[in-house]
Structures are given as structure tokens and as C-alpha cells.
Amino acid sequence: MIEYEAIIGLETHIQLNTTTKIFCSCKADSWNDPPNTNICPVCCGLPGVLPVLNRAAVEKAILLAAAMHAEIQPVSYFDRKNYFYPDLPKGYQISQYNMPVARGGYLELPMPDGTIKTVTIQKLHLEEDAGKTKNDFGRRLIDFNRCGVPLVEMVTAPDLRSAEEAAQYLTRLRQLLRWIDVSEANMEKGHLRCDANVSIRPKGADYLNPKTEIKNVNSIVAVRDAIQTEINRQIREVELGHRIEAWTLEWDEDKAVLRKMRTKETEADYRYFREPDLLQLVIDDQWKSELLSSLPELPLERRHRFIQRYGLPEYDADILTNERSLSDYFETAVAVYQGDPKRVSNWLMNDVLRLINESGIPAGELKLKPSYLSEIIKMIDEGIINNSTGKTLIDKVQTSGKPPAEIVAEEGLAKVSDSNAIEQVCRTILAENPQQVTNYQKGKTGLIGWFVGQVMKQMGGKADAQLARQILEELLKE
Amino acid sequence: MMDDLTLLTLSKVREGLRSAEFTSRELLEAYLARIELYEPSLHAFLYLNADRALTQADQADQRISAWRKDPTEPLPPLIGIPLAVKDVLCVKGLPCTCGSRILEGFIPPYHATAVRRLLEAGAIIIGKTNTDEFAMGSSTENSAYGATHNPWNVEHVPGGSSGGSAAAVAARFAPLALGTDTGGSVRQPAAFCGVTGLKPTYGRVSRFGLVAYGSSLDVVGAFGKSVADVAFLFGLVSGPDALDATTVDLPVPQVRLSDEPSLKGLRVGVPKEYFVSGIQNEIERSVRAAIDRFQELGAQIVEISLPHTKYALPVYYLIAPAEASANLARYDGIRYGPRNPAEAMWDIYYHTRGEKFGAEVKRRIMLGTYALSAGYYDAYYGKAQKVRTLIKRDFERAFDQVDIIAAPVAPTTAFRFGEHSNDPLAMYLEDVFTLPANLAGVPGLAIPVGFDQAGLPVGIQLMGAHFAESTLFQAAHAYQLTTSWHTLFPDQIQRA
């Protein structure tokens with residue numbers, strides 16, 4: 001039985017989150033807007049109008065290129081990509097062809113076995129988006145809102161070897177795009193679009209077989225499922241002695257099947273030539289260094305640093321660096337706390353993440369500020385409150401926005417460490433439960449927990465549990 | 001007496017309006033009267049804006065009389081002065097057809113920057129002038145709405161593609177007109193109609209609102225009765241524009257034309273490649289005579305060489321159509337203009353574009369599409385770009401030696417209708433002397449320097465270094481101070 005490996009390359013289109021479009025001042029994001037409301041003569045290609053390049057789009061593209069370790073080109077050009085389609089108002093798309101804004105680059109993927117896989121970037125360029133066409137009972141409707149929305153097209157080398165790796169790539173890319181704030185990177189909203197090229201070959205072979213292209217996949221899970229389905233199909237076909245043909249396939253998410261869109265794609269001739277309406281794009285050293293100085297530490301670097309500097313397990317570092325504001329939150333909290341970072345990590349991963357997930361509020365916007373979290377942990381450490389009070393404080397601080405100490409004072413949540421007070425309660429509990437006392441004294445020492453629980457219940461959860469246990473053990477010996 | 005107003009140069013008109021010798025309405029009505037009389041024989045306009053223009057003239061008159069009582073606020077420089085605009089330049093609210101059926105009914109919701117600047121300067125748009133379809137042609141015979149006729153002889157073409165604007169100025173339908181020049185479309189009709197026409201440096205005047213033909217070549221230009229008039233208009237339309245990234249951020253020099261007709265120290269280059277067999281004898285004679293006049297005025301005449309001149313024609317007819325093939329792709333009948341309905345989507349494209357574009361436009365779209373196609377790009381478009389660089393270098397070297405270059409505008413005077421219309425190549429040859437300036441991006445100025453035996457005007461072309469329009473104006477103005485060709489207008493225009 002031959003073992004196969006998949007050869008996968010991904011072509012992504014990334015919608016940059018600029019305020020305005022790439023060549024006019026129309027609003028760029030039209031997600032909640034009715035069709036054809038964010039349009040003007042420029043993005044609709046009326047006669048005589050000219051494009052004017054949006055500097056913000058260039059800056060986002062440069063940031064992305066830098067984050068992908070690509071080489072930013074001091075001079076690049078825009079080109080016209082010519083094709084006819086009703087949602088392409090000028091009859092050409094302004095794109096970049098042989099002199100794009102950046103060259104090369106790679107994205108690193110941490111693999112489950114602890115190794116790092118490097119995925120090479122073959123192409124990275126700026127371009128404008130086209131509109132949307134949809135069929136409506138025999139009529140064809142066109143929405144030009146999306147025309148001129150800035151995109152970066154980014155294409156990987158065929159470096160990925162499984163559906164899971166492809167999903168990993170997209171997950172890491174999405175993380176990076178949000179991290180450096182160049183895109184919302186929401187696949188469901190089309191901010192991040194992906195086509196996958198898939199072929200298979202016997203494991204270890206050094207040749208490439210004909211590939212198929214999968215289009216219209218709009219979630220990371222769907223990309224993974226579609227690629228796996230296609231790999232399985234290709235293996236089946238090859239095992240049956242059939243040839244794989246260069247089809248273009250469409251993923252039907254509801255039915256989890258691939259449908260053939262086109263057979264054997266003939267290479268389209270886009271007749272690229274330099275866009276004469278725009279000057280060459282010059283990125284001088286000053287502009288470049290200004291921009292690069294605003295590039296934050298990247299997620300994988302930060303993940304590595306969290307392991308090294310704070311001694312976090314990989315698992316913790318991964319979760320804490322999943323999103324930039326969470327990782328910033330962690331570092332601020334650790335700095336205020338000045339104790340064991342792992343203790344902060346535990347609180348973050350258990351309680352704060354739960355809060356974030358339930359409320360949908362990003363870490364950076366919580367009323368439970370990092371300093372408040374540190375304060376809560378410190379109060380536990382210092383024996384002022386007990387652990388369970390600490391957990392309830394998380395929600396109380398988030399709801400009220402008050403500093404934890406203030407809430408503790410107001411609500412009298414400080415734990416009772418007065419041994420006389422505790423002893424009194426303990427004696428009452430023992431007096432009220434003679435049967436349990438007998439059982440304990442006969443050797444069922446496990447009942448100690450139950451006795452502690454009764455004391456806590458009696459004292460509204462504020463008792464020092466350690467002390468209560470000690471006192472109970474003393475009394476039960478009598 | 002009213003008719004005399006149409007003979008006045010711009011500075012006289014400006015003076016007359018300000019001193020209340022005549023009103024803007026009287027001025028406009030004088031021009032409209034000539035239009036009413038002769039437009040049926042010439043067909044210079046595709047759209048006449050008479051009613052709106054008259055209202056604006058009355059408003060201008062009110063403003064002028066208010067100003068005469070209280071002259072604290074200066075009047076806009078072109079207040080109350082009629083202007084004709086070539087129909088490839090957008091004027092908000094007026095139809096813009098580009099001489100094509102495919103833009104029938106299209107009304108742009110914006111002004112071209114050049115138009116906007118002149119409107120802000122107080123100009124009154126009298127109408128949109130005829131043009132070869134999408135400015136592709138040298139005679140206006142390619143206009144889908146019928147050709148314009150030459151006011152000097154209605155059996156002859158006015159040149160093109162800005163033939164309507166040139167004829168309008170020559171026939172005194174308007175004192176000033178805007179045109180566009182992609183390969184000679186201002187200079188050649190200016191020469192054919194005996195008026196002054198300027199093609200500025202590429203990047204000097206915004207192309208926003210100029211319906212693109214060959215984007216790297218297209219320039220907004222101007223027609224007038226004299227160099228002084230054209231220089232004045234140039235000063236108002238030029239300068240950087242945030243809406244056109246290819247405009248150059250240079251201040252527009254204040255052109256002060258000297259009344260002293262001296263060209264001492266000016267070096268005038270005469271390129272031998274522009275005086276070749278095939279050009280009409282009378283043209284060579286008049287152009288040489290004009291060059292002699294420059295010498296008499298103190299200029300030094302230097303024979304120069306622009307060795308790559310002969311490649312300008314093939315290079316132009318690869319680059320301009322290639323750009324046009326993309327620029328004209330937007331005319332698909334989807335968003336504006338007429339649509340030929342069809343069942344299948346692609347049939348809408350085939351029928352609309354197939355039927356609404358004229359033959360010459362389709363020829364150039366196909367030529368350009370071919371030149372850009374995979375497998376042909378390097379041999380055609382790519383090669384043409386390289387040779388374009390050589391042509392640019394020719395000019396750079398020449399302007400190390402001389403200040404301006406003097407040459408014929410076209411190899412012939414205005415030809416008869418139909419003379420070239422069945423032979424595209426012969427028609428293309430009309431542009432052979434004007435194309436190089438577009439390929440190099442340098443400014444060119446055409447002024448009248450005589451007539452041929454048939455009484456048709458002859459023009460000379462002065463070319464300058466990038467952004468050296470002032471030098472051209474000084475030289476040509478000195479010539480006009482000592483000659484009267486530019487003051488001659490056709491007496492009798494044949495009535496249709």
C-alpha cells in the first residue's frame with residue numbers, strides 16, 4: 001500500500017482595515033451597509049476619473065510585509081490587470097505584477113511535536129477589490145460597494161503537507177493580521193479569503209502532480225474539511241488508476257461536498273501593463289523605519305519570550321499570546337503582581353478568559369484591569385481573602401469597576417482569622433452533629449472536609465479554611 | 001458693430017468688460033449670432049449651452065457692475081468670457097459623449113479639473129465641441145455625430161481630434177477653447193484652422209475629468225486667437241491637482257510677455273528629421289520663413305538631430321492603443337451609456353461594444369489588445385516602451401544645445417474630406433511631427449505662419465523642454481508682435 005502526502009499551497013486575499021478605499025475616499029468597510037451606498041465616480045469607473053493612492057493602505061501592506069519577514073521594495077509599481085466582468089467597473093483591476101511592494105517572506109507555524117514549520121511566501125502585493133455579483137431569479141445584481149477596497153494578495157509556496165497544516169497556517173495568519181491591526185481577518189465576512197491548491201504524490205517523491213483549486217471556502221474549519229475531502233478523493237482516484245485533472249472546485253459547506261466549477265483551466269491572459277495613472281510607489285528609508293518602529297513584537301516571538309522569561313509552559317504561552325491584548329494584559333498583571341507569573345497565568349486562563357469569552361469584551365477593555373487582577377491574587381496570597389472570595393471578586397470588579405479592596409471592605413469579604421471566633425463556630429458544629437463526630441473518631445477522618453465545609457457555610461465563606469481545619473482536628477481529638 | 005466683439009483678443013475683451021464698453025451678454029450674443037449663422041455649415045459643437053450661458057452672462061454683468069461701484073474685491077480673471085470645451089472633458093451637468101454613441105446620454109456628475117478652474121475664474125461654457133470618437137483621429141471624421149468642417153474651406157477637414165474647438169475659435173464661435181492632445185490633437189487642428197494651440201508639458205495640467213484615451217500621453221490643451229490669449233488660459237488651468245497623481249508639484253510661472261520683440265540669446269533648433277521629402281512645399285516654405293523671422297528677431301538658429309523621430313509613429317501606435325484598450329474597457333453598457341440588451345451576459349458586451357464603438361476605435365482597441373497579449377508583449381508594447389525612452393533622450397540631448405525646437409506641425413495643410421478616411425495609415429502619417437512631443441512629454445505650441453496656395457493656413461510647431469512653456473510663449477509672442485497671420489480670420493464662411 002502506497003503512502004501519500006498532500007502538497008498544498010494557499011492563495012489568500014486580505015482585506016486591509018483602512019477607513020477609506022485604496023483609490024478614493026469612500027468608506028472601505030460596507031459589511032452593514034446596503035448595496036451601492038459606499039460608491040463614487042472613482043470606484044465606479046466613470047469616464048475621466050483617476051485613482052489617487054491611499055497612503056494608509058500602503059502602510060498596512062508594509063506592516064504586513066514586515067511581519068511576514070518579506071523584503072520591502074524601495075520602488076514598486078501598480079499594473080492594470082485586464083479582464084471583463086460586470087462587477088469590475090473599469091474593465092481592469094489595479095494590482096501589482098512584476099514589481100510588487102514586497103518580495104519573499106515566510107510564516108512560521110509551531111507544530112504539535114514542538115518543531116517549527118516554515119511556510120514560504122511566493123507573492124505579496126497590493127490591489128483593489130472588485131464588486132460583488134449575485135443572481136436573483138434570473139436577474140444579475142451588482143453591488144459596487146466592495147470596488148476599491150484595499151487588499152493584499154498573499155500566496156504561499158506549496159509547502160503545506162496536510163489539511164491540518166493548512167488550517168494551522170490560516171489560524172496563525174489570522175492571529176498575525178489582528179495582532180498588527182492590518183485586517184479584521186474575519187473569514188465569514190470575507191476579510192480573509194482563501195483558495196487552496198491541492199495535489200498528492202507518493203510520500204518522499206520529488207515531483208508534482210496536477211493540482212486542483214478549491215474556491216469559496218469561508219472558514220478555517222471549512223478550508224480544513226474541503227482540503228481533506230479533496231485529498232481523500234485524489235487518493236481514491238489514483239488508487240483506481242485515474243488521472244487527476246486540473247479542476248477548479250467549489251466547497252459546499254452545508255453538504256460537505258466539493259463541486260466542479262470549471263474543468264482544465266486555460267491560463268487567462270490578463271495583459272498586464274503599468275498603470276499610467278499612478279506614479280511609482282517609493283518607500284524611502286525614513287518612511288520605512290517610521291513604520292517599522294510601530295511594528296509590535298510578533299506573536300511567536302512573544303510566545304517564546306513568555307516561556308523563557310516567565311518560565312511558562314508552552315501551553316500557557318500559546319494561549320496567552322493567542323491575541324495581543326491578552327498577552328499585554330498578562331505582562332502588565334505580572335509586572336504589578338511581582339510574584340510567580342504562573343500564578344497570574346492560571347488566573348488568566350481560568351477566570352479572566354472565562355470572563356472574556358462570556359462577555360465578548362477584549363482583554364484590553366475589561367473593567368477588571370490587570371492591576372485589579374494582581375491585587376486580588378495578592379490579597380489571597382496575604383491571607384486577606386480566601387480563594388473562593390477571589391473568584392467571586394473577578395465578576396464583582398468587572399460589573400462595578402470598583403477596585404477589589406474597596407469591594408472587600410464594603411461587603412465585609414475579608415476572611416475571618418480570629419481563632420476564638422472560629423473555635424466557637426467549630427464547637428457548635430461538633431455539638432450539633434454527634435453522629436458524625438463518633439464516625440470520625442472511629443476512623444472516618446475523611447469527614448474533616450465535611451466539618452470544614454459546615455464551618456465555612458456558617459461563616460458565610462469568610463473563614464480561614466486552614467485555621468478552621470486545624471481547630472477542628474484539635475477539638476475532635478478530645 | 002456687434003460682430004466686431006468676436007475679433008477682440010482676450011486682453012481687449014477683459015478691458016472692455018471691466019470698463020463697461022460692452023456687457024458679457026453682448027459679447028456672448030455676438031458669438032451666438034455667428035454660431036447661428038455658420039454652425040450649420042461647420043458643426044463645431046456637439047452640445048450648445050446657449051440658454052444657460054446667457055443666464056450666466058447676465059450674472060457676470062451684475063457682478064461687473066457691482067464691482068464698478070465697489071472694486072474692493074477683485075473680479076475673477078475670466079469673468080463673463082465664453083469658453084468652448086472639447087467633448088472629452090467633463091462638465092458637470094452637460095452631456096459628454098466623446099464623439100461616441102457608447103456615451104450617448106451620459107451626463108457626468110463632476111467637472112474636469114481644468115474646466116472647474118476656468119469656471120472658478122469666471123468663464124462661461126458656450127458648448128461642447130466636436131471630436132473624433134474618444135479623440136482617436138486627425139480630422140473629426142471619426143466623430144459618431146458627423147464631422148466638423150474647416151471654416152477656411154468647408155470642403156476641408158479642420159484637423160483633429162480637437163477639430164471642433166479649433167474650428168470654433170477660427171470661426172469666432174468662442175474666443176477660447178479647451179482641447180486635448182494625445183498625439184497632436186491640439187496642435188494639428190490649430191495649424192489646420194490658423195489659430196494658436198498649446199499642448200502643455202505632460203503633468204502640468206490635471207487630467208482629472210479628461211476621458212482617457214492614452215493616459216501616459218493625454219494632455220489638456222488650449223486654443224485662442226494669440227499666444228497671449230493661450231498663455232493666459234494656460235496660467236489658469238495649470239498646476240498640481242490632488243485628483244491627478246501624475247500632475248507635477250511645480251508652481252506655474254507667472255508668464256509676463258515682453259512687448260519688446262527681441263529674441264536675443266534664444267537658440268532655436270531646427271531638426272533635420274522634420275524637413276523630409278513628402279511634406280508639402282508651401283509648408284516648408286512658410287515654416288522656413290518663420291524661422292528666418294526668429295533669426296531676424298535675434299535668435300540663433302541651430303541645425304539639430306532627433307535621430308529616433310522615425311520611430312515615433314510605430315511607437316505611438318503601439319502605446320496609445322494599448323492604453324486605450326484598457327481605458328475603453330469600462331464602456332460595457334452596465335453602469336451608464338446605452339446598452340444593447342441580450343439574454344447572455346457576454347452578449348451584452350459583444351453587442352454594446354460591437355455596435356456602439358466606431359471602426360477606428362475598434363481598430364485601436366484590437367491593436368492595443370494584441371500589443372499587450374502574452375507572447376507579443378515583449379516584441380510590441382515592451383519594445384515600444386524602450387524606444388519611447390530613446391525618443392525622450394533625443395529631446396533631452398537637443399535641449400542641452402537649444403532652447404526651443406521649430407518644426408512643421410503636419411506634413412500637409414487641411415486635407416479634403418475622405419482623402420485619408422479609407423486609408424488609416426495615411427491618416428496616421430498626419431501625426432508624424434506631433435507624436436514625438438507626446439511620447440517625450442514636452443510642451444508644444446502651434447501658431448499660424450502663412451497660407452498655402454489654396455488659402456488654407458500653415459502652422460509652425462515650437463517645442464520646449466519639460467515645463468518650459470514660458471520660453472515657447474516668449475518666442476511665439478515675439479513672432480506675433482511682428483507678424484499678422486494670427487489676426488486673420490476667414491471672412492466668408494460658406495453657408496450650408
# chains A, B, ... in the order shown; residues from 1 in each chain; ligands from 1
>>> interface_residues(of="chain B", to="chain A", cutoff="6 Å", atoms="only C-alpha atoms", output="list in words")
Phe208, Gly209, Leu210, Val211, Ala212, Ser215, Ser216, Ala245, Ala329, Arg330, Leu372 and Ser373 of chain B
>>> closest_residue(among="B:Tyr213, B:Phe275, B:Tyr38, B:Trp67", to="B:Arg18", atoms="only C-alpha atoms")
B:Trp67
>>> residues_around(residues="A:Leu353", least_positions_apart="4", cutoff="10 Å", atoms="only C-alpha atoms", output="JSON, numbers by chain")
{"A": [319, 320, 326, 347, 348, 349, 357, 358, 359, 360, 362, 363]}
>>> write_last_selection(atoms="C-alpha atoms", output="mmCIF file, in the first residue's frame")
data_model
loop_
_atom_site.group_PDB
_atom_site.id
_atom_site.type_symbol
_atom_site.label_atom_id
_atom_site.label_comp_id
_atom_site.auth_asym_id
_atom_site.auth_seq_id
_atom_site.Cartn_x
_atom_site.Cartn_y
_atom_site.Cartn_z
ATOM 1 C CA ILE A 319 -2.982 30.614 24.934
ATOM 2 C CA LEU A 320 -1.773 33.882 26.395
ATOM 3 C CA LEU A 326 -4.500 39.279 26.289
ATOM 4 C CA TRP A 347 -5.934 33.094 36.989
ATOM 5 C CA LEU A 348 -5.934 34.474 33.462
ATOM 6 C CA MET A 349 -6.516 31.173 31.720
ATOM 7 C CA ASN A 357 -15.449 34.509 26.443
ATOM 8 C CA GLU A 358 -18.733 35.049 28.250
ATOM 9 C CA SER A 359 -18.816 38.815 27.849
ATOM 10 C CA GLY A 360 -17.148 39.115 24.451
ATOM 11 C CA PRO A 362 -11.484 42.003 24.708
ATOM 12 C CA ALA A 363 -8.853 41.800 27.436
#
>>> residues_around(residues="stretch 458-460 of chain B", least_positions_apart="4", cutoff="8 Å", atoms="only C-alpha atoms", output="PDB file with C-alpha atoms, in the first residue's frame")
ATOM      1  CA  ALA B 190      -4.755  74.667 -34.628  1.00  0.00           C
ATOM      2  CA  ALA B 191      -2.497  74.629 -37.697  1.00  0.00           C
ATOM      3  CA  PHE B 192      -5.309  73.498 -39.998  1.00  0.00           C
ATOM      4  CA  GLY B 194      -4.989  79.005 -38.434  1.00  0.00           C
ATOM      5  CA  ILE B 283       4.583  74.232 -45.566  1.00  0.00           C
ATOM      6  CA  SER B 286       6.273  79.117 -44.629  1.00  0.00           C
ATOM      7  CA  VAL B 287       7.971  77.343 -41.762  1.00  0.00           C
ATOM      8  CA  ALA B 290       9.079  81.901 -39.848  1.00  0.00           C
ATOM      9  CA  ALA B 406      10.962  74.730 -34.508  1.00  0.00           C
ATOM     10  CA  ALA B 407       9.332  72.344 -36.965  1.00  0.00           C
ATOM     11  CA  PRO B 408       6.243  71.888 -39.114  1.00  0.00           C
ATOM     12  CA  VAL B 409       3.073  70.794 -37.322  1.00  0.00           C
ATOM     13  CA  THR B 413      -2.423  71.611 -44.773  1.00  0.00           C
ATOM     14  CA  ALA B 446       1.354  75.705 -32.809  1.00  0.00           C
ATOM     15  CA  ILE B 447       0.939  79.170 -34.316  1.00  0.00           C
ATOM     16  CA  PRO B 448      -0.134  80.267 -37.806  1.00  0.00           C
ATOM     17  CA  VAL B 449       2.724  81.283 -40.125  1.00  0.00           C
ATOM     18  CA  GLY B 450       1.110  81.596 -43.562  1.00  0.00           C
ATOM     19  CA  PHE B 451      -1.197  80.035 -46.102  1.00  0.00           C
ATOM     20  CA  ASP B 452      -0.880  77.558 -48.927  1.00  0.00           C
TER      21      ASP B 452
END
>>> closest_residue(among="A:Asp285, A:Glu478, A:Glu108, A:Glu245", to="A:Thr438", atoms="only C-alpha atoms")
A:Glu478
>>> select_by_dssp(residues="stretch 251-308 of chain A", states="strand (DSSP E)", output="number ranges by chain")
A: 251-252, 257-262, 273-274, 281-282
>>> write_last_selection(atoms="N, CA, C and O atoms", output="compact mmCIF listing (two decimals), in the first residue's frame")
# COMPACT_ATOMS: atom_id res chain seq x y z
N TRP A 251 -16.48 24.45 -2.71
CA TRP A 251 -16.85 23.72 -1.49
C TRP A 251 -18.27 24.10 -1.08
O TRP A 251 -18.58 25.27 -0.90
N ASP A 252 -19.11 23.08 -0.96
CA ASP A 252 -20.47 23.30 -0.46
C ASP A 252 -20.46 22.93 1.01
O ASP A 252 -20.43 21.76 1.38
N VAL A 257 -19.53 18.74 0.47
CA VAL A 257 -19.04 18.13 -0.78
C VAL A 257 -18.37 19.20 -1.65
O VAL A 257 -18.65 20.39 -1.53
N LEU A 258 -17.49 18.71 -2.52
CA LEU A 258 -16.84 19.59 -3.49
C LEU A 258 -17.57 19.45 -4.81
O LEU A 258 -17.92 18.35 -5.23
N ARG A 259 -17.79 20.59 -5.45
CA ARG A 259 -18.44 20.57 -6.76
C ARG A 259 -17.49 21.15 -7.79
O ARG A 259 -16.74 22.08 -7.49
N LYS A 260 -17.58 20.59 -8.99
CA LYS A 260 -16.70 21.05 -10.06
C LYS A 260 -17.23 22.37 -10.63
O LYS A 260 -18.37 22.47 -11.02
N MET A 261 -16.40 23.44 -10.61
CA MET A 261 -16.82 24.71 -11.21
C MET A 261 -16.39 24.78 -12.67
O MET A 261 -17.14 25.16 -13.55
N ARG A 262 -15.15 24.43 -12.91
CA ARG A 262 -14.58 24.52 -14.27
C ARG A 262 -13.64 23.35 -14.46
O ARG A 262 -13.00 22.92 -13.50
N PHE A 273 -0.09 45.64 -17.74
CA PHE A 273 0.87 46.69 -18.08
C PHE A 273 0.81 47.76 -16.99
O PHE A 273 -0.14 47.82 -16.22
N ARG A 274 1.85 48.57 -16.92
CA ARG A 274 1.97 49.58 -15.87
C ARG A 274 0.77 50.50 -15.85
O ARG A 274 0.34 50.98 -16.90
N LEU A 281 5.65 53.71 -6.71
CA LEU A 281 5.49 53.81 -5.26
C LEU A 281 6.87 53.74 -4.63
O LEU A 281 7.55 52.73 -4.69
N VAL A 282 7.29 54.87 -4.06
CA VAL A 282 8.63 54.94 -3.47
C VAL A 282 8.50 54.86 -1.95
O VAL A 282 7.79 55.66 -1.34
>>> atom_distance(atom1="atom CA of B:Asn340", atom2="atom CA of B:Ala324")
21.9 Å
>>> residues_around(residues="B:Pro40", least_positions_apart="5", cutoff="12 Å", atoms="only C-alpha atoms", output="PyMOL selection string")
chain B and resi 34-35+45-46+146-149+151+154+493-496
>>> write_last_selection(atoms="C-alpha atoms", output="mmCIF file, in the first residue's frame")
data_model
loop_
_atom_site.group_PDB
_atom_site.id
_atom_site.type_symbol
_atom_site.label_atom_id
_atom_site.label_comp_id
_atom_site.auth_asym_id
_atom_site.auth_seq_id
_atom_site.Cartn_x
_atom_site.Cartn_y
_atom_site.Cartn_z
ATOM 1 C CA ARG B 34 -22.104 83.797 -35.548
ATOM 2 C CA ILE B 35 -22.917 80.321 -34.289
ATOM 3 C CA PHE B 45 -20.460 71.769 -31.466
ATOM 4 C CA LEU B 46 -21.925 68.548 -30.155
ATOM 5 C CA GLY B 146 -20.694 63.817 -38.086
ATOM 6 C CA ALA B 147 -17.520 65.701 -38.934
ATOM 7 C CA THR B 148 -16.653 69.334 -38.298
ATOM 8 C CA HIS B 149 -15.798 71.470 -41.335
ATOM 9 C CA PRO B 151 -14.008 77.470 -41.533
ATOM 10 C CA VAL B 154 -15.809 73.768 -45.646
ATOM 11 C CA ILE B 493 -17.730 81.009 -44.318
ATOM 12 C CA GLN B 494 -19.749 79.121 -46.863
ATOM 13 C CA ARG B 495 -23.312 78.737 -45.738
ATOM 14 C CA ALA B 496 -24.704 75.223 -45.741
#
>>> select_by_dssp(residues="stretch 164-301 of chain A", states="helix (DSSP H, G or I)", output="ChimeraX atom specification")
/A:164-179,220-239,285-293,299-301
>>> closest_residue(among="A:Tyr440, A:Tyr337, A:Tyr106, A:Tyr97", to="A:Ile377", atoms="only C-alpha atoms")
A:Tyr337
>>> atom_distance(atom1="atom CA of A:Thr399", atom2="atom CA of A:Leu355")
10.8 Å
>>> residues_around(residues="A:Asn322", least_positions_apart="6", cutoff="10 Å", atoms="only C-alpha atoms", output="JSON, numbers by chain")
{"A": [171, 172, 175, 176, 179, 299, 300, 303, 316]}
>>> atom_distance(atom1="atom CA of B:Met136", atom2="atom CA of B:Glu360")
7.1 Å
>>> residues_around(residues="stretch 111-125 of chain B", least_positions_apart="4", cutoff="8 Å", atoms="only C-alpha atoms", output="VMD selection string")
(chain A and resid 48) or (chain B and resid 49 53 56 to 57 60 76 to 85 89 to 92 205 to 210 220 236 to 238 241)
>>> decode(residues="stretch 307-323 of chain A", atoms="N, CA, C and O atoms", output="compact mmCIF listing (two decimals), in the first residue's frame")
# COMPACT_ATOMS: atom_id res chain seq x y z
N ILE A 307 7.88 31.97 27.50
CA ILE A 307 8.42 30.70 28.01
C ILE A 307 9.76 30.96 28.71
O ILE A 307 9.99 30.52 29.83
N GLN A 308 10.62 31.74 28.01
CA GLN A 308 11.95 31.99 28.54
C GLN A 308 11.94 32.84 29.81
O GLN A 308 12.51 32.48 30.82
N ARG A 309 11.25 33.94 29.74
CA ARG A 309 11.36 34.93 30.78
C ARG A 309 10.50 34.63 31.99
O ARG A 309 10.89 34.86 33.12
N TYR A 310 9.29 34.09 31.72
CA TYR A 310 8.37 33.88 32.83
C TYR A 310 8.28 32.42 33.23
O TYR A 310 7.52 32.07 34.13
N GLY A 311 9.03 31.57 32.50
CA GLY A 311 9.01 30.14 32.82
C GLY A 311 7.65 29.51 32.64
O GLY A 311 7.29 28.57 33.35
N LEU A 312 6.87 30.05 31.68
CA LEU A 312 5.54 29.47 31.46
C LEU A 312 5.65 28.18 30.66
O LEU A 312 6.52 28.04 29.80
N PRO A 313 4.75 27.23 30.89
CA PRO A 313 4.68 26.07 29.99
C PRO A 313 4.26 26.53 28.60
O PRO A 313 3.58 27.56 28.47
N GLU A 314 4.64 25.77 27.55
CA GLU A 314 4.28 26.13 26.18
C GLU A 314 2.78 26.34 26.03
O GLU A 314 2.33 27.24 25.35
N TYR A 315 2.02 25.45 26.71
CA TYR A 315 0.57 25.51 26.60
C TYR A 315 0.06 26.88 27.06
O TYR A 315 -0.73 27.53 26.36
N ASP A 316 0.54 27.35 28.20
CA ASP A 316 0.13 28.65 28.71
C ASP A 316 0.56 29.77 27.75
O ASP A 316 -0.23 30.66 27.42
N ALA A 317 1.82 29.70 27.32
CA ALA A 317 2.35 30.76 26.46
C ALA A 317 1.54 30.86 25.17
O ALA A 317 1.27 31.95 24.67
N ASP A 318 1.13 29.70 24.66
CA ASP A 318 0.35 29.67 23.43
C ASP A 318 -0.99 30.37 23.62
O ASP A 318 -1.39 31.21 22.81
N ILE A 319 -1.66 30.02 24.70
CA ILE A 319 -2.98 30.61 24.93
C ILE A 319 -2.87 32.10 25.23
O ILE A 319 -3.62 32.92 24.69
N LEU A 320 -1.89 32.47 26.02
CA LEU A 320 -1.77 33.88 26.40
C LEU A 320 -1.36 34.77 25.22
O LEU A 320 -1.67 35.95 25.19
N THR A 321 -0.66 34.20 24.22
CA THR A 321 -0.25 35.01 23.07
C THR A 321 -1.20 34.83 21.88
O THR A 321 -0.91 35.26 20.78
N ASN A 322 -2.29 34.18 22.11
CA ASN A 322 -3.24 33.97 21.02
C ASN A 322 -3.73 35.31 20.48
O ASN A 322 -3.99 35.46 19.30
N GLU A 323 -3.80 36.26 21.36
CA GLU A 323 -4.37 37.55 20.97
C GLU A 323 -3.56 38.60 21.71
O GLU A 323 -3.18 38.42 22.87
